[in-house]
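Asker: What follows is input19.cif; its format and atoms are mmCIF, C-alpha atoms.
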```
data_protein
loop_
_atom_site.label_atom_id
_atom_site.label_comp_id
_atom_site.auth_asym_id
_atom_site.auth_seq_id
_atom_site.Cartn_x
_atom_site.Cartn_y
_atom_site.Cartn_z
CA MET A 1 11.58 -3.06 -10.61
CA ARG A 2 15.37 -3.21 -10.31
CA THR A 3 17.53 -3.30 -7.20
CA LEU A 4 20.99 -1.80 -6.97
CA ILE A 5 22.76 -3.54 -4.10
CA ILE A 6 25.96 -1.95 -2.84
CA GLN A 7 28.28 -3.66 -0.35
CA LEU A 8 29.79 -1.19 2.10
CA PRO A 9 33.58 -1.59 2.32
CA PRO A 10 35.26 -1.82 5.74
CA GLY A 11 37.14 1.50 5.56
CA LEU A 12 35.80 5.02 5.73
CA PRO A 13 34.75 6.68 2.45
CA SER A 14 37.44 8.20 0.26
CA PRO A 15 37.67 9.18 -3.43
CA SER A 16 39.64 6.01 -4.21
CA LEU A 17 37.50 3.60 -2.19
CA ALA A 18 35.68 1.13 -4.43
CA TYR A 19 32.20 -0.24 -3.71
CA THR A 20 31.30 -3.75 -4.83
CA HIS A 21 27.84 -3.61 -6.40
CA ALA A 22 25.42 -5.47 -8.61
CA GLN A 23 22.08 -4.79 -10.25
CA VAL A 24 19.30 -7.30 -9.59
CA MET A 25 16.21 -7.58 -11.74
CA ALA A 26 12.74 -8.08 -10.26
CA GLU A 27 13.03 -11.87 -10.52
CA PRO A 28 16.74 -12.77 -10.62
CA GLY A 29 16.11 -16.53 -10.48
CA THR A 30 19.34 -18.53 -10.32
CA ARG A 31 21.42 -16.34 -12.62
CA PRO A 32 24.75 -15.33 -11.05
CA LEU A 33 25.17 -11.72 -10.08
CA ALA A 34 27.35 -9.57 -12.30
CA LEU A 35 29.63 -7.98 -9.70
CA GLN A 36 31.28 -4.65 -10.46
CA TRP A 37 33.52 -2.27 -8.56
CA ALA A 38 33.43 1.53 -8.67
CA ALA A 39 34.00 4.59 -6.53
CA ALA A 40 30.90 6.23 -5.06
CA ALA A 41 30.83 8.96 -7.70
CA LEU A 42 30.96 6.37 -10.52
CA LEU A 43 28.23 4.04 -9.27
CA PRO A 44 25.29 3.44 -11.66
CA ALA A 45 22.56 6.07 -11.49
CA ALA A 46 19.25 4.92 -10.02
CA ASP A 47 15.88 5.98 -11.43
CA ARG A 48 12.46 5.86 -9.78
CA GLN A 49 12.11 2.18 -10.65
CA THR A 50 15.36 1.27 -8.88
CA GLU A 51 15.67 0.45 -5.20
CA THR A 52 19.06 1.18 -3.66
CA VAL A 53 20.09 -1.29 -0.96
CA ALA A 54 23.19 -1.03 1.22
CA LEU A 55 24.69 -4.38 2.24
CA VAL A 56 26.54 -4.36 5.58
CA PRO A 57 29.37 -6.94 5.54
CA ALA A 58 29.16 -9.78 8.04
CA ALA A 59 32.48 -8.71 9.57
CA ALA A 60 31.04 -5.27 10.45
CA LEU A 61 28.15 -6.63 12.53
CA SER A 62 27.77 -8.31 15.89
CA TRP A 63 24.59 -10.07 17.00
CA HIS A 64 22.95 -10.09 20.43
CA ARG A 65 19.71 -11.41 21.86
CA VAL A 66 17.95 -9.22 24.39
CA ASP A 67 14.98 -9.56 26.73
CA LEU A 68 13.05 -6.34 26.37
CA PRO A 69 10.81 -4.94 29.11
CA ALA A 70 7.12 -5.69 28.71
CA GLY A 71 5.18 -2.93 26.98
CA LEU A 72 8.26 -1.29 25.47
CA HIS A 73 6.71 -1.47 21.97
CA LYS A 74 4.11 1.07 23.14
CA GLN A 75 6.86 3.61 23.97
CA ALA A 76 8.80 3.93 20.73
CA GLN A 77 10.86 6.87 21.99
CA ARG A 78 12.39 4.72 24.73
CA VAL A 79 13.39 1.69 22.64
CA GLN A 80 16.85 2.92 21.66
CA ALA A 81 17.75 3.97 25.22
CA ALA A 82 16.53 0.60 26.52
CA LEU A 83 18.69 -1.27 24.01
CA GLN A 84 21.74 0.79 24.92
CA GLY A 85 21.22 -0.03 28.58
CA LEU A 86 20.76 -3.76 27.94
CA LEU A 87 23.87 -4.01 25.73
CA GLU A 88 26.16 -1.79 27.77
CA GLU A 89 27.89 -4.76 29.43
CA ARG A 90 28.24 -6.78 26.20
CA LEU A 91 29.76 -4.23 23.84
CA LEU A 92 33.42 -3.29 23.76
CA ASP A 93 32.62 0.26 22.73
CA ASP A 94 30.20 2.81 24.17
CA PRO A 95 26.64 1.85 23.04
CA GLU A 96 25.99 5.50 22.15
CA HIS A 97 28.68 5.20 19.45
CA MET A 98 27.06 2.11 17.95
CA HIS A 99 24.11 1.75 15.63
CA LEU A 100 21.52 -0.71 16.91
CA ALA A 101 18.77 -2.36 14.89
CA LEU A 102 16.02 -4.75 16.01
CA GLN A 103 14.66 -7.60 13.96
CA THR A 104 11.29 -7.25 12.26
CA ASN A 105 8.26 -7.96 14.45
CA TRP A 106 10.43 -7.71 17.56
CA ALA A 107 7.45 -6.68 19.70
CA ASN A 108 5.95 -10.17 19.27
CA THR A 109 9.23 -12.09 19.46
CA PRO A 110 10.67 -13.39 22.74
CA SER A 111 14.35 -12.43 23.03
CA PRO A 112 14.63 -10.67 19.64
CA TRP A 113 17.93 -10.24 17.81
CA VAL A 114 19.77 -6.93 17.77
CA ALA A 115 22.33 -6.16 15.06
CA VAL A 116 25.15 -3.80 16.11
CA CYS A 117 27.68 -1.91 13.98
CA ASP A 118 29.75 1.26 14.15
CA ARG A 119 27.47 4.26 13.78
CA ALA A 120 30.06 6.69 12.42
CA TRP A 121 31.25 4.20 9.78
CA LEU A 122 27.73 3.38 8.61
CA GLY A 123 26.60 7.01 8.60
CA ALA A 124 29.67 8.09 6.60
CA HIS A 125 28.98 5.56 3.84
CA LEU A 126 25.29 6.43 3.68
CA GLN A 127 26.19 10.10 3.37
CA ALA A 128 28.73 9.36 0.64
CA LEU A 129 26.16 7.42 -1.35
CA GLU A 130 23.56 10.16 -0.92
CA GLN A 131 26.04 12.78 -2.15
CA ALA A 132 26.59 10.57 -5.20
CA GLY A 133 22.84 10.73 -5.94
CA LEU A 134 22.02 7.33 -4.45
CA PRO A 135 19.89 7.71 -1.31
CA VAL A 136 19.67 4.31 0.34
CA HIS A 137 16.16 2.89 0.69
CA ARG A 138 17.07 -0.18 2.75
CA ILE A 139 20.02 -1.48 4.74
CA VAL A 140 20.42 -5.25 5.02
CA PRO A 141 22.99 -7.48 6.75
CA GLU A 142 25.10 -9.71 4.52
CA LEU A 143 24.34 -12.69 6.80
CA ALA A 144 21.72 -12.96 9.53
CA PRO A 145 20.76 -15.59 12.12
CA GLY A 146 18.49 -18.34 10.83
CA THR A 147 14.89 -18.78 11.86
CA PRO A 148 14.19 -20.87 15.01
CA GLY A 149 14.41 -24.57 14.24
CA SER A 150 16.35 -24.14 11.00
CA PRO A 151 19.71 -25.90 10.53
CA VAL A 152 22.99 -24.10 10.90
CA GLN A 153 24.10 -22.41 7.67
CA LEU A 154 27.81 -22.40 6.78
CA THR A 155 28.88 -19.93 4.08
CA ALA A 156 32.43 -20.02 2.67
CA LEU A 157 33.41 -16.71 1.07
CA GLY A 158 36.54 -15.56 -0.73
CA ASP A 159 39.47 -17.87 -1.37
CA ALA A 160 41.65 -20.22 0.65
CA ASP A 161 44.12 -17.49 1.69
CA THR A 162 41.98 -14.45 2.47
CA GLY A 163 38.47 -15.85 2.75
CA TRP A 164 36.30 -16.58 5.77
CA LEU A 165 33.90 -19.30 6.80
CA TRP A 166 30.76 -17.82 8.31
CA VAL A 167 28.25 -19.49 10.60
CA SER A 168 24.60 -18.41 10.70
CA HIS A 169 23.16 -20.02 13.82
CA PRO A 170 19.44 -19.70 14.68
CA GLU A 171 20.18 -19.42 18.42
CA ARG A 172 23.69 -17.94 18.65
CA GLY A 173 23.83 -15.41 15.84
CA VAL A 174 26.49 -14.97 13.15
CA TRP A 175 30.24 -15.37 13.53
CA GLY A 176 33.16 -16.47 11.39
CA GLN A 177 36.76 -17.60 11.18
CA PRO A 178 39.40 -16.96 8.48
CA TRP A 179 40.59 -20.05 6.64
CA PRO A 180 44.18 -19.83 7.95
CA ALA A 181 42.90 -19.98 11.54
CA LEU A 182 40.73 -23.01 10.74
CA ARG A 183 43.79 -24.84 9.39
CA GLN A 184 45.57 -24.72 12.74
CA ALA A 185 46.36 -28.16 14.06
CA GLY A 186 44.88 -29.61 17.18
CA LEU A 187 41.16 -28.97 16.65
CA ALA A 188 38.63 -30.06 14.06
CA ALA A 189 37.00 -27.36 11.96
CA HIS A 190 33.66 -27.62 13.72
CA GLU A 191 35.37 -27.30 17.09
CA ARG A 192 37.21 -24.22 15.94
CA LEU A 193 33.84 -22.80 14.88
CA GLY A 194 32.22 -23.68 18.21
CA LEU A 195 29.78 -26.18 16.70
CA SER A 196 28.85 -29.54 18.11
CA GLU A 197 29.15 -32.66 15.99
CA PRO A 198 25.33 -32.96 15.52
CA GLU A 199 25.19 -29.32 14.40
CA GLN A 200 28.05 -29.92 11.99
CA ALA A 201 26.32 -33.04 10.65
CA THR A 202 23.02 -31.26 9.92
CA ALA A 203 24.50 -27.96 8.76
CA THR A 204 24.02 -26.77 5.17
CA LEU A 205 27.26 -25.73 3.44
CA GLN A 206 27.66 -23.38 0.51
CA ALA A 207 30.91 -22.02 -0.86
CA GLU A 208 32.05 -19.58 -3.50
CA PRO A 209 34.28 -21.08 -6.22
CA GLY A 210 37.52 -19.92 -4.62
CA ALA A 211 36.66 -21.59 -1.32
CA VAL A 212 35.13 -24.89 -2.45
CA ALA A 213 38.37 -26.87 -2.24
CA VAL A 214 39.37 -25.71 1.24
CA ALA A 215 35.80 -26.07 2.49
CA SER A 216 35.64 -29.67 1.24
CA GLU A 217 39.03 -30.36 2.82
CA LEU A 218 38.15 -29.04 6.26
CA LEU A 219 34.41 -29.75 6.41
CA GLY A 220 34.08 -32.90 4.32
CA SER A 221 31.70 -33.58 1.47
CA GLY A 222 28.34 -31.95 0.93
CA VAL A 223 29.60 -28.49 0.05
CA ARG A 224 27.32 -26.79 -2.49
CA LEU A 225 28.92 -24.54 -5.08
CA MET A 226 27.58 -21.00 -4.91
CA PRO A 227 28.24 -18.30 -7.55
CA PRO A 228 30.15 -15.30 -6.19
CA ALA A 229 27.99 -13.08 -3.96
CA GLN A 230 24.91 -15.22 -4.62
CA HIS A 231 24.12 -15.05 -0.90
CA TRP A 232 23.30 -11.37 -1.46
CA LEU A 233 19.99 -12.51 -2.94
CA ALA A 234 19.10 -14.23 0.33
CA ALA A 235 19.94 -10.99 2.15
CA LEU A 236 17.60 -9.09 -0.18
CA ALA A 237 14.82 -11.64 0.32
CA GLY A 238 15.09 -11.43 4.12
CA ASP A 239 12.98 -9.07 6.21
CA TRP A 240 15.86 -7.25 7.91
CA ASP A 241 16.19 -3.47 7.57
CA LEU A 242 18.89 -1.82 9.66
CA ALA A 243 17.64 1.69 8.83
CA GLN A 244 16.18 2.35 12.26
CA PHE A 245 16.16 5.12 14.88
CA GLU A 246 18.37 8.00 13.66
CA LEU A 247 18.68 6.44 10.18
CA ARG A 248 14.94 6.61 9.47
CA ALA A 249 15.23 9.94 7.61
CA ASN A 250 14.09 8.31 4.36
CA ALA A 251 11.37 6.19 5.97
CA ARG A 252 8.63 7.36 3.61
CA SER A 253 10.78 6.72 0.56
CA ARG A 254 11.73 3.29 1.90
CA GLN A 255 8.07 2.46 2.49
CA LEU A 256 7.25 3.44 -1.08
CA LYS A 257 10.07 1.25 -2.37
CA ASN A 258 8.83 -1.61 -0.20
CA TRP A 259 5.38 -1.29 -1.80
CA GLN A 260 6.94 -1.15 -5.24
CA ARG A 261 9.07 -4.21 -4.49
CA THR A 262 6.04 -6.13 -3.22
CA ALA A 263 4.00 -5.14 -6.27
CA SER A 264 6.85 -6.12 -8.58
CA HIS A 265 7.16 -9.47 -6.82
CA LEU A 266 3.45 -10.16 -7.15
CA TRP A 267 3.55 -9.16 -10.82
CA HIS A 268 6.61 -11.17 -11.89
CA SER A 269 7.07 -14.04 -9.43
CA PRO A 270 6.29 -17.50 -10.88
CA ALA A 271 4.86 -18.52 -7.51
CA TRP A 272 2.13 -15.90 -7.93
CA ARG A 273 1.31 -16.83 -11.54
CA PRO A 274 -1.84 -18.84 -10.59
CA ALA A 275 -3.08 -15.91 -8.50
CA ARG A 276 -2.43 -13.51 -11.39
CA TRP A 277 -4.31 -15.77 -13.81
CA GLY A 278 -7.16 -16.02 -11.33
CA PHE A 279 -7.26 -12.24 -10.97
CA TRP A 280 -7.39 -11.69 -14.74
CA LEU A 281 -10.07 -14.36 -15.15
CA LEU A 282 -12.11 -12.74 -12.37
CA LEU A 283 -11.67 -9.32 -13.98
CA ALA A 284 -12.68 -10.69 -17.38
CA ALA A 285 -15.74 -12.36 -15.86
CA GLN A 286 -16.70 -9.08 -14.19
CA LEU A 287 -16.32 -7.18 -17.46
CA VAL A 288 -18.40 -9.75 -19.34
CA GLY A 289 -21.03 -9.68 -16.59
CA LEU A 290 -21.16 -5.85 -16.57
CA ASN A 291 -21.51 -5.75 -20.34
CA ALA A 292 -24.27 -8.38 -20.26
CA TRP A 293 -26.06 -6.50 -17.47
CA ALA A 294 -25.73 -3.20 -19.36
CA TRP A 295 -27.05 -4.83 -22.56
CA LYS A 296 -30.06 -6.28 -20.71
CA THR A 297 -30.77 -2.99 -18.95
CA ARG A 298 -30.65 -1.10 -22.22
CA ALA A 299 -32.88 -3.70 -23.89
CA ASP A 300 -35.42 -3.40 -21.06
CA TRP A 301 -35.30 0.37 -21.26
CA GLN A 302 -35.76 0.30 -25.03
CA ALA A 303 -38.71 -2.09 -24.70
CA GLN A 304 -40.31 0.23 -22.17
CA GLN A 305 -39.76 3.23 -24.44
CA ASN A 306 -41.30 1.33 -27.34
CA SER A 307 -44.33 0.37 -25.24
CA TRP A 308 -44.84 4.00 -24.19
CA ALA A 309 -44.51 5.13 -27.81
CA GLN A 310 -47.08 2.54 -28.87
CA VAL A 311 -49.54 3.68 -26.18
CA LEU A 312 -49.01 7.30 -27.28
CA ARG A 313 -49.68 6.48 -30.95
CA GLU A 314 -52.73 4.36 -30.11
CA THR A 315 -54.18 7.03 -27.80
CA PHE A 316 -53.30 10.05 -29.95
CA PRO A 317 -53.05 8.86 -33.55
CA GLN A 318 -52.27 12.38 -34.75
CA THR A 319 -48.81 12.17 -33.14
CA SER A 320 -46.33 11.79 -36.01
CA LEU A 321 -42.99 11.98 -34.19
CA VAL A 322 -42.26 10.40 -30.81
CA VAL A 323 -39.33 11.94 -28.94
CA ASP A 324 -40.29 11.63 -25.25
CA ALA A 325 -43.44 9.54 -25.02
CA PRO A 326 -44.30 10.22 -21.32
CA LEU A 327 -43.83 13.99 -21.74
CA GLN A 328 -45.77 14.09 -25.00
CA MET A 329 -48.57 12.03 -23.41
CA ALA A 330 -48.78 14.49 -20.50
CA GLN A 331 -48.87 17.43 -22.91
CA GLN A 332 -51.69 15.88 -24.92
CA VAL A 333 -53.69 15.13 -21.79
CA GLU A 334 -53.13 18.70 -20.61
CA ARG A 335 -54.42 20.05 -23.94
CA LEU A 336 -57.52 17.86 -23.66
CA ARG A 337 -58.13 19.06 -20.12
CA GLN A 338 -57.77 22.68 -21.12
CA GLY A 339 -60.03 22.18 -24.11
CA SER A 340 -62.75 20.66 -21.93
CA GLY A 341 -62.56 23.48 -19.37
CA GLN A 342 -61.48 21.25 -16.47
CA LEU A 343 -59.24 22.68 -13.78
CA GLY A 344 -55.69 21.33 -13.40
CA ALA A 345 -53.35 21.19 -10.46
CA GLY A 346 -51.56 24.32 -11.67
CA ASP A 347 -54.68 26.45 -12.03
CA LEU A 348 -55.30 29.28 -9.57
CA GLU A 349 -58.61 27.98 -8.25
CA THR A 350 -57.16 24.52 -7.57
CA MET A 351 -54.08 25.93 -5.84
CA LEU A 352 -56.13 28.25 -3.64
CA ALA A 353 -58.38 25.36 -2.67
CA ALA A 354 -55.38 23.17 -1.82
CA LEU A 355 -53.83 25.99 0.24
CA GLY A 356 -57.02 26.53 2.17
CA GLN A 357 -57.28 22.79 2.84
CA ALA A 358 -53.68 22.59 4.03
CA LEU A 359 -53.64 25.63 6.32
CA PRO A 360 -53.18 24.55 9.97
CA PRO A 361 -55.83 25.64 12.48
CA GLY A 362 -55.21 29.13 13.78
CA LEU A 363 -53.12 30.22 10.79
CA ALA A 364 -54.75 32.96 8.76
CA ALA A 365 -54.65 32.86 4.97
CA PRO A 366 -52.12 35.18 3.30
CA ARG A 367 -53.37 38.57 2.22
CA GLN A 368 -50.96 39.12 -0.64
CA TRP A 369 -50.11 36.65 -3.36
CA ALA A 370 -49.01 36.60 -6.98
CA TYR A 371 -49.86 33.87 -9.44
CA GLN A 372 -48.35 32.54 -12.64
CA THR A 373 -49.07 29.24 -14.33
CA GLY A 374 -48.36 26.43 -11.85
CA GLN A 375 -46.86 28.73 -9.20
CA MET A 376 -48.21 31.02 -6.48
CA ARG A 377 -45.99 33.38 -4.47
CA LEU A 378 -47.31 34.44 -1.05
CA GLN A 379 -46.31 37.68 0.70
CA ASP A 380 -46.98 38.93 4.23
CA PHE A 381 -47.28 35.36 5.45
CA GLN A 382 -45.24 34.30 8.50
CA PRO A 383 -46.07 30.85 9.92
CA ASP A 384 -43.98 29.59 12.83
CA VAL A 385 -41.73 26.53 12.48
CA ALA A 386 -44.38 23.99 13.51
CA GLN A 387 -47.02 25.58 11.25
CA GLN A 388 -44.60 25.73 8.34
CA GLN A 389 -43.70 22.04 8.71
CA ALA A 390 -47.36 21.02 8.97
CA LEU A 391 -48.24 23.14 5.92
CA GLN A 392 -45.38 21.65 3.91
CA GLN A 393 -46.40 18.07 4.78
CA ARG A 394 -50.07 18.64 3.87
CA LEU A 395 -49.28 20.39 0.60
CA SER A 396 -46.83 17.62 -0.33
CA ALA A 397 -49.61 15.07 0.21
CA LEU A 398 -51.81 17.11 -2.16
CA GLY A 399 -49.09 17.21 -4.85
CA TYR A 400 -47.57 20.64 -4.21
CA ALA A 401 -44.10 21.85 -3.25
CA TRP A 402 -43.69 24.49 -0.55
CA ARG A 403 -40.49 26.44 0.10
CA ALA A 404 -39.23 29.80 1.22
CA GLN A 405 -38.24 32.29 -1.46
CA GLY A 406 -36.76 35.62 -0.45
CA ASP A 407 -39.09 37.31 2.03
CA GLY A 408 -42.07 35.18 1.00
CA TRP A 409 -43.14 31.61 0.22
CA LEU A 410 -43.53 29.78 -3.08
CA MET A 411 -46.16 27.12 -3.73
CA SER A 412 -45.85 25.14 -6.96
CA ALA A 413 -47.41 22.09 -8.57
CA GLN A 414 -44.91 19.22 -8.39
CA THR A 415 -46.06 17.48 -11.57
CA GLU A 416 -47.22 20.38 -13.64
CA ALA A 417 -47.04 19.59 -17.35
CA LYS A 418 -46.11 22.39 -19.67
CA PRO A 419 -48.06 22.61 -22.93
#
```
Take the structure in the file and write it out as structure tokens.

Answerer:
Amino acid sequence: MRTLIIQLPPGLPSPSLAYTHAQVMAEPGTRPLALQWAAAALLPAADRQTETVALVPAAALSWHRVDLPAGLHKQAQRVQAALQGLLEERLLDDPEHMHLALQTNWANTPSPWVAVCDRAWLGAHLQALEQAGLPVHRIVPELAPGTPGSPVQLTALGDADTGWLWVSHPERGVWGQPWPALRQAGLAAHERLGLSEPEQATATLQAEPGAVAVASELLGSGVRLMPPAQHWLAALAGDWDLAQFELRANARSRQLKNWQRTASHLWHSPAWRPARWGFWLLLAAQLVGLNAWAWKTRADWQAQQNSWAQVLRETFPQTSLVVDAPLQMAQQVERLRQGSGQLGAGDLETMLAALGQALPPGLAAPRQWAYQTGQMRLQDFQPDVAQQQALQQRLSALGYAWRAQGDGWLMSAQTEAKP
């Protein structure tokens, strides 16, 4: 499965506005992304095996922690209104004009994070992409706060003149400073960023090629070179999805893409290779076991058929061809019985005797009946429910079936052999 990741530019959509984008294979590994730029109408087409992801730039988002009322997760229709009320004092703009998105598993997280961006700007870009034939399946932030207990992450993007240094803090969110502002005299870089010296000392630093020199100059050694836009892969691997509330129009499609992405990860990821080998070995063992069981079952069945055929030939030597030994044995026995004049279960006298034996007390015998070999149809016979059940049970014990047929009843021998 492929992923087309598109970074949303800061301005509103226009025919000349270019979108930075890259295509990511199922397992990108450490290969650098091949960045390209194109207007919305010229972006690569996406097929069913491609997931389209919109990347919201770090500069377009603000981050806030909120304390939600208890039980709010049980009232989904009130979540957005509750967030707007909680953030009303913190936002510079009207909360109704902003798009709000909660972190995953927010119901079980104390003080969850809320990502905030301009609703009109985000909606305009999503509409432009959809008109270009690229409905967005997921919306992810370029940078997000770290997990609790993780070190501060510093990410240097761009170049020394126009780039920014971004801070991803597990407790304070995401913020940044342009390089020219960090060069101002009077304060150290970590002080300009609002970091303490211990946080600066334990922070992880990564920088794009154009910002490595200035990052090393202002932050010291320990800066790790990062290919351009390589941090997009971390954004893809995260569990954030800003497509919430009014942007959930494609929720079903996004869920399908999430399943496809998970299946693709399980199928291609090296970390899951032992599990895949184990699955195939288990499947192979099951197939071998089923084939062995089927072979043994067939062998047992064939042995039983052969034993029946042998009994048939020993009992009736005149039998030249054995097709169905049990049936042929029953037919031969029936011929012997008929030849000796003995009554069988399907003979009229035997059936009448069984019916008389099975009739419940107080139920008169039928006056009208019609007989053919192995079957007797009774007319003008109307037992009540209890009598009918008792009659059916007794006849079944004697080897006969009893059921209603039209306006009468049919009695038949259950194991009647046909000559």

Asker: Hey, which of A:Pro57, A:Gly289, A:Gly210, A:Gly278 ends up closest to Val174 (chain A)? Count only C-alpha atoms.

Answerer: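 So, comparing all the options, the nearest one is A:Pro57.
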
Asker: Could you give me, as JSON lines, every region 175-223 of chain A residue with an atom at most 12 Å from region 58-78 of chain A, plus its closest atom pair and distance in Å to one decimal, counting all atoms listed in the file, rows ordered by chain then number?

Answerer:
```
{"residue": "A:Trp175", "atom": "CA", "partner": "A:Ser62", "partner_atom": "CA", "distance": 7.8}
{"residue": "A:Gly176", "atom": "CA", "partner": "A:Ala59", "partner_atom": "CA", "distance": 8.0}
{"residue": "A:Gln177", "atom": "CA", "partner": "A:Ala59", "partner_atom": "CA", "distance": 10.0}
{"residue": "A:Pro178", "atom": "CA", "partner": "A:Ala59", "partner_atom": "CA", "distance": 10.8}
```

Asker: Those selected residues, please, written with C-alpha atoms and delivered as a compact mmCIF listing (two decimals), in the coordinates of the input.

Answerer:
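Saved result, selection.txt, follows:
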```txt
# COMPACT_ATOMS: atom_id res chain seq x y z
CA TRP A 175 30.24 -15.37 13.53
CA GLY A 176 33.16 -16.47 11.39
CA GLN A 177 36.76 -17.60 11.18
CA PRO A 178 39.40 -16.96 8.48
```

Asker: On this file, the PyMOL selection byres ((chain A and resi 144) around 8) gives some set of residues; write that set as a CSV table (one decimal) with C-alpha atoms, in the coordinates of the input.

Answerer:
```csv
chain,number,residue,atom,x,y,z
A,141,PRO,CA,23.0,-7.5,6.8
A,142,GLU,CA,25.1,-9.7,4.5
A,143,LEU,CA,24.3,-12.7,6.8
A,145,PRO,CA,20.8,-15.6,12.1
A,146,GLY,CA,18.5,-18.3,10.8
A,168,SER,CA,24.6,-18.4,10.7
A,173,GLY,CA,23.8,-15.4,15.8
A,174,VAL,CA,26.5,-15.0,13.2
A,235,ALA,CA,19.9,-11.0,2.2
```

Asker: Here's the selection I'm unsure about, the PyMOL selection byres ((chain A and resi 323) around 12); applied to the file above, which residues does it give, as number ranges by chain?

Answerer: A: 305-306, 308-309, 312-313, 319-322, 324-329

Asker: Which distance in Å separates CA of Gly220 (chain A) and CA of Arg172 (chain A), to one decimal?

Answerer: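 These atoms are spaced 23.2 Å apart.
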
Asker: Please determine, counting only C-alpha atoms, which residue among A:Val53, A:Ala386, A:Thr315, A:Glu88 has the shortest atom-to-atom distance to Pro361 (chain A).

Answerer: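 Closest residue, counting only C-alpha atoms: A:Ala386.
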
Asker: Do you have the CA of Leu35 (chain A)-CA of Leu8 (chain A) distance handy?

Answerer: 13.6 Å

Asker: Out of A:Trp37, A:Trp277, A:Trp409, A:Tyr400, which residue has the shortest atom-to-atom distance to Arg377 (chain A) when counting all atoms listed in the file?

Answerer: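 Answer, going by the shortest atom-to-atom distance: A:Trp409.
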
Asker: Measuring atom to atom with all atoms listed in the file, identify which of A:Leu83, A:Val116, A:Ala54, A:Leu129 is nearest to Gln7 (chain A).

Answerer: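 The answer is A:Ala54, which sits nearest to Gln7 (chain A).
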
Asker: From the structure just shown, export region 310-321 of chain A with N, CA, C and O atoms as a PDB file, in the first residue's frame.

Answerer:
```
ATOM      1  N   GLN A 310     -17.075 -57.997   1.496  1.00  0.00           N
ATOM      2  CA  GLN A 310     -16.667 -59.370   1.778  1.00  0.00           C
ATOM      3  C   GLN A 310     -17.789 -60.154   2.453  1.00  0.00           C
ATOM      4  O   GLN A 310     -18.051 -61.319   2.112  1.00  0.00           O
ATOM      5  N   VAL A 311     -18.468 -59.528   3.425  1.00  0.00           N
ATOM      6  CA  VAL A 311     -19.606 -60.185   4.091  1.00  0.00           C
ATOM      7  C   VAL A 311     -20.702 -60.496   3.080  1.00  0.00           C
ATOM      8  O   VAL A 311     -21.317 -61.591   3.104  1.00  0.00           O
ATOM      9  N   LEU A 312     -20.966 -59.548   2.160  1.00  0.00           N
ATOM     10  CA  LEU A 312     -21.994 -59.767   1.142  1.00  0.00           C
ATOM     11  C   LEU A 312     -21.643 -60.955   0.256  1.00  0.00           C
ATOM     12  O   LEU A 312     -22.488 -61.817  -0.031  1.00  0.00           O
ATOM     13  N   ARG A 313     -20.387 -61.011  -0.200  1.00  0.00           N
ATOM     14  CA  ARG A 313     -19.976 -62.110  -1.085  1.00  0.00           C
ATOM     15  C   ARG A 313     -19.983 -63.452  -0.355  1.00  0.00           C
ATOM     16  O   ARG A 313     -20.336 -64.493  -0.943  1.00  0.00           O
ATOM     17  N   GLU A 314     -19.585 -63.436   0.933  1.00  0.00           N
ATOM     18  CA  GLU A 314     -19.582 -64.696   1.686  1.00  0.00           C
ATOM     19  C   GLU A 314     -20.990 -65.166   1.979  1.00  0.00           C
ATOM     20  O   GLU A 314     -21.269 -66.375   2.001  1.00  0.00           O
ATOM     21  N   THR A 315     -21.911 -64.238   2.230  1.00  0.00           N
ATOM     22  CA  THR A 315     -23.290 -64.602   2.563  1.00  0.00           C
ATOM     23  C   THR A 315     -24.087 -64.951   1.326  1.00  0.00           C
ATOM     24  O   THR A 315     -24.903 -65.890   1.339  1.00  0.00           O
ATOM     25  N   PHE A 316     -23.877 -64.194   0.249  1.00  0.00           N
ATOM     26  CA  PHE A 316     -24.614 -64.414  -1.003  1.00  0.00           C
ATOM     27  C   PHE A 316     -23.593 -64.570  -2.126  1.00  0.00           C
ATOM     28  O   PHE A 316     -23.269 -63.582  -2.812  1.00  0.00           O
ATOM     29  N   PRO A 317     -23.067 -65.745  -2.284  1.00  0.00           N
ATOM     30  CA  PRO A 317     -22.003 -65.965  -3.290  1.00  0.00           C
ATOM     31  C   PRO A 317     -22.440 -65.630  -4.705  1.00  0.00           C
ATOM     32  O   PRO A 317     -21.586 -65.388  -5.569  1.00  0.00           O
ATOM     33  N   GLN A 318     -23.741 -65.640  -4.984  1.00  0.00           N
ATOM     34  CA  GLN A 318     -24.184 -65.373  -6.343  1.00  0.00           C
ATOM     35  C   GLN A 318     -24.022 -63.906  -6.740  1.00  0.00           C
ATOM     36  O   GLN A 318     -24.204 -63.564  -7.911  1.00  0.00           O
ATOM     37  N   THR A 319     -23.713 -63.039  -5.787  1.00  0.00           N
ATOM     38  CA  THR A 319     -23.529 -61.616  -6.092  1.00  0.00           C
ATOM     39  C   THR A 319     -22.224 -61.437  -6.873  1.00  0.00           C
ATOM     40  O   THR A 319     -21.139 -61.777  -6.388  1.00  0.00           O
ATOM     41  N   SER A 320     -22.335 -60.925  -8.097  1.00  0.00           N
ATOM     42  CA  SER A 320     -21.154 -60.763  -8.947  1.00  0.00           C
ATOM     43  C   SER A 320     -20.570 -59.351  -8.887  1.00  0.00           C
ATOM     44  O   SER A 320     -19.366 -59.168  -9.026  1.00  0.00           O
ATOM     45  N   LEU A 321     -21.416 -58.359  -8.709  1.00  0.00           N
ATOM     46  CA  LEU A 321     -20.961 -56.967  -8.704  1.00  0.00           C
ATOM     47  C   LEU A 321     -21.427 -56.288  -7.426  1.00  0.00           C
ATOM     48  O   LEU A 321     -22.628 -56.314  -7.126  1.00  0.00           O
TER      49      LEU A 321
END
```
